[in-house]
Amino acid sequence: MSGWKAKRFWNAAAVTEAAGGYGVALDGRPVRTPAKAPLAVPTQALAAAIAAEWDAQSGLIDPRTMPMTRSANAAIDKIMPQRAEVAALLADYGGTDLLCYRAATPANLRARQNAAWQPLLDWAETRFGARLVVTEGVQPVPQDPAALARLAAQVVAMDSFELAALHDLVAITGSLVLGLAVTDAQISADAAWQLSRVDEDWQISQWGADDEATAHAALKRAALLGAESFWHLAHLRA
């Protein structure tokens with residue numbers, strides 16, 4: 001949708017029943033994805049959120065203001081045709097999870113990382129039986145294949161809409177554990193954002209903030225919160 005410059009041509013968007021769930025119609029005409037597939041989502045709540053995004057458009061349509069629509073399009077056009085590959089890609093984050101890599105120095109940064117990240121690794125061990133190894137520096141550390149398999153099993157079990165949400169939760173934070181913690185309602189997406197930013201926030205405390213980096217971070221945080229909303233709406237049954 002990034003190159004789309006269409007103008008609003010409809011009066012009202014409405015939720016409709018569709019094969020496999022719910023769709024959205026613009027003046028009675030079903031919305032389709034960029035790949036021309038029917039836009040069908042699993043819950044009425046998600047369809048209503050998508051309809052609201054369409055109704056909020058005026059003049060030129062701005063896909064940047066339609067995160068639920070974009071995520072649904074991604075689930076249908078990109079993930080459904082290759083769900084196994086996407087699940088494998090996300091599961092691979094467990095092998096290099098952000099939470100496992102701690103600074104050797106300075107001591108105060110290492111202390112922040114330990115305090116912020118170790119509780120989530122402990123949770124993953126308790127919740128999934130997946131104990132991940134912690135190391136210093138950025139060199140990859142081998143993880144127990146059985147632990148990785150247990151984390152991967154959580155990902156593989158997800159449907160395409162769940163994977164669409166998990167993709168952003170994991171890719172933005174750099175952590176499979178944080179992504180799973182949000183989908184398991186252990187922490188909020190906002191908390192996951194803060195946890196993923198321990199290193200950056202420490203650097204800002206030392207040298208100050210950069211305006212461009214701050215603006216970029218704000219966009220990433222908004223996308224992370226949007227992924228959490230998409231996850232919940234995809235599960236909210238009427």
# chains A, B, ... in the order shown; residues from 1 in each chain; ligands from 1

$ residues_around --residues "range 4-19 of chain A" --least-positions-apart "3" --cutoff "7 Å" --atoms "only C-alpha atoms" --output "list in words"
Met1, Tyr22, Gly23, Val24, Ala25, Leu26, Asp27, Ala40, Ala47, Ala48, Ala51, Trp54, Asp55, Gln57, Ser58, Gly59, Leu60 and Ile61 of chain A

$ residues_around --residues "Glu136 in chain A" --least-positions-apart "6" --cutoff "7 Å" --atoms "only C-alpha atoms" --output "PyMOL selection string"
chain A and resi 101-104

$ write_last_selection --atoms "N, CA and C atoms" --output "PDB file, in the first residue's frame"
ATOM      1  N   TYR A 101      22.073 -11.000  25.691  1.00  0.00           N
ATOM      2  CA  TYR A 101      23.363 -10.369  25.422  1.00  0.00           C
ATOM      3  C   TYR A 101      23.563  -9.167  26.336  1.00  0.00           C
ATOM      4  N   ARG A 102      24.474  -9.332  27.293  1.00  0.00           N
ATOM      5  CA  ARG A 102      24.716  -8.313  28.305  1.00  0.00           C
ATOM      6  C   ARG A 102      26.073  -7.651  28.078  1.00  0.00           C
ATOM      7  N   ALA A 103      26.178  -6.418  28.507  1.00  0.00           N
ATOM      8  CA  ALA A 103      27.433  -5.673  28.386  1.00  0.00           C
ATOM      9  C   ALA A 103      28.421  -6.129  29.456  1.00  0.00           C
ATOM     10  N   ALA A 104      29.691  -6.245  29.057  1.00  0.00           N
ATOM     11  CA  ALA A 104      30.732  -6.542  30.047  1.00  0.00           C
ATOM     12  C   ALA A 104      31.001  -5.314  30.905  1.00  0.00           C
TER      13      ALA A 104
END

$ residues_around --residues "Val141 in chain A" --least-positions-apart "4" --cutoff "12 Å" --atoms "only C-alpha atoms" --output "list of chain:residue names"
A:Gly94, A:Gly95, A:Thr96, A:Asp97, A:Leu98, A:Cys100, A:Tyr101, A:Arg102, A:Leu132, A:Val133, A:Val134, A:Thr135, A:Glu136, A:Gly137

$ write_last_selection --atoms "C-alpha atoms" --output "PDB file, in the first residue's frame"
ATOM      1  CA  GLY A  94      15.218 -17.177  19.946  1.00  0.00           C
ATOM      2  CA  GLY A  95      18.747 -18.168  19.014  1.00  0.00           C
ATOM      3  CA  THR A  96      19.997 -14.569  19.199  1.00  0.00           C
ATOM      4  CA  ASP A  97      17.472 -13.051  21.585  1.00  0.00           C
ATOM      5  CA  LEU A  98      18.315  -9.512  22.709  1.00  0.00           C
ATOM      6  CA  CYS A 100      20.649 -12.898  26.308  1.00  0.00           C
ATOM      7  CA  TYR A 101      23.363 -10.369  25.422  1.00  0.00           C
ATOM      8  CA  ARG A 102      24.716  -8.313  28.305  1.00  0.00           C
ATOM      9  CA  LEU A 132      18.220 -19.482  27.445  1.00  0.00           C
ATOM     10  CA  VAL A 133      21.919 -18.906  28.104  1.00  0.00           C
ATOM     11  CA  VAL A 134      23.170 -15.402  28.886  1.00  0.00           C
ATOM     12  CA  THR A 135      26.498 -14.128  27.569  1.00  0.00           C
ATOM     13  CA  GLU A 136      28.622 -10.983  27.459  1.00  0.00           C
ATOM     14  CA  GLY A 137      29.227  -9.025  24.292  1.00  0.00           C
TER      15      GLY A 137
END

$ closest_atom_pairs --of "range 67-148 of chain A" --to "range 34-38 of chain A" --cutoff "12 Å" --atoms "only C-alpha atoms" --output "Markdown table"
| residue | atom | partner | partner_atom | distance |
| --- | --- | --- | --- | --- |
| A:Thr69 | CA | A:Pro34 | CA | 10.6 |
| A:Arg70 | CA | A:Pro34 | CA | 9.7 |
| A:Ser71 | CA | A:Pro34 | CA | 11.9 |
| A:Ala72 | CA | A:Pro38 | CA | 10.7 |
| A:Asn73 | CA | A:Pro34 | CA | 7.2 |
| A:Ala74 | CA | A:Pro34 | CA | 9.4 |
| A:Ala75 | CA | A:Ala37 | CA | 11.2 |
| A:Ile76 | CA | A:Ala37 | CA | 7.6 |
| A:Asp77 | CA | A:Ala35 | CA | 6.2 |
| A:Lys78 | CA | A:Ala35 | CA | 9.3 |
| A:Met80 | CA | A:Ala37 | CA | 11.2 |
| A:Pro81 | CA | A:Ala35 | CA | 11.7 |

$ atom_distance --atom1 "CA of Asp62 in chain A" --atom2 "CA of Gly28 in chain A"
21.3 Å

$ closest_residue --among "A:Leu224, A:Val41, A:Ala107, A:Val198" --to "Val182 in chain A" --atoms "only C-alpha atoms"
A:Leu224

$ select_by_dssp --residues "range 19-49 of chain A" --states "helix (DSSP H, G or I)" --output "list in words"
Gln44, Ala45, Leu46, Ala47, Ala48 and Ala49 of chain A

$ residues_around --residues "Ala165 in chain A" --least-positions-apart "2" --cutoff "7 Å" --atoms "only C-alpha atoms" --output "list in words"
Phe161, Glu162, Leu163, His167, Asp168, Leu169, Ala227, Glu228, Phe230 and Trp231 of chain A

$ write_last_selection --atoms "C-alpha atoms" --output "CSV table (one decimal), in the first residue's frame"
chain,number,residue,atom,x,y,z
A,161,PHE,CA,-3.1,-13.1,11.8
A,162,GLU,CA,-1.3,-13.9,15.1
A,163,LEU,CA,2.0,-14.2,13.2
A,167,HIS,CA,6.3,-10.3,13.5
A,168,ASP,CA,6.2,-6.7,14.6
A,169,LEU,CA,6.5,-7.5,18.3
A,227,ALA,CA,0.8,-4.9,16.8
A,228,GLU,CA,-0.5,-5.4,20.3
A,230,PHE,CA,-4.0,-6.1,16.3
A,231,TRP,CA,-3.3,-9.2,18.4

$ residues_around --residues "Ile187 in chain A" --least-positions-apart "4" --cutoff "12 Å" --atoms "only C-alpha atoms" --output "NGL selection string"
:A and (119-120 or 123 or 169 or 177-183 or 191-195 or 228)

$ atom_distance --atom1 "CA of Ala84 in chain A" --atom2 "CA of Thr65 in chain A"
29.3 Å

$ closest_residue --among "A:Leu233, A:Ala164, A:Ala209, A:Leu225" --to "Gln82 in chain A" --atoms "only C-alpha atoms"
A:Ala164

$ residues_around --residues "Gln154 in chain A" --least-positions-apart "4" --cutoff "9 Å" --atoms "only C-alpha atoms" --output "ChimeraX atom specification"
/A:91,128,149-150,158,180

$ closest_residue --among "A:Met68, A:Leu236, A:Ala130, A:Leu176" --to "Leu39 in chain A" --atoms "only C-alpha atoms"
A:Met68

$ select_by_dssp --residues "range 31-224 of chain A" --states "strand (DSSP E or B)" --output "PyMOL selection string"
chain A and resi 32+38+41+60+101-102+135-136

$ write_last_selection --atoms "C-alpha atoms" --output "short mmCIF file (atom, residue, chain, number, x, y, z; two decimals), in the first residue's frame"
data_model
loop_
_atom_site.label_atom_id
_atom_site.label_comp_id
_atom_site.auth_asym_id
_atom_site.auth_seq_id
_atom_site.Cartn_x
_atom_site.Cartn_y
_atom_site.Cartn_z
CA ARG A 32 -9.76 -6.42 -1.14
CA PRO A 38 -10.87 -10.79 -0.17
CA VAL A 41 -10.46 -11.31 9.22
CA LEU A 60 -6.11 11.17 -0.40
CA TYR A 101 23.36 -10.37 25.42
CA ARG A 102 24.72 -8.31 28.30
CA THR A 135 26.50 -14.13 27.57
CA GLU A 136 28.62 -10.98 27.46
#

$ closest_residue --among "A:Ser175, A:Thr214, A:Ala222, A:Ala234" --to "Ala49 in chain A" --atoms "only C-alpha atoms"
A:Ala234

$ atom_distance --atom1 "CA of Leu148 in chain A" --atom2 "CA of Val170 in chain A"
15.0 Å

$ closest_residue --among "A:Pro42, A:Ala87, A:Gln113, A:Ala52" --to "Trp202 in chain A" --atoms "only C-alpha atoms"
A:Gln113
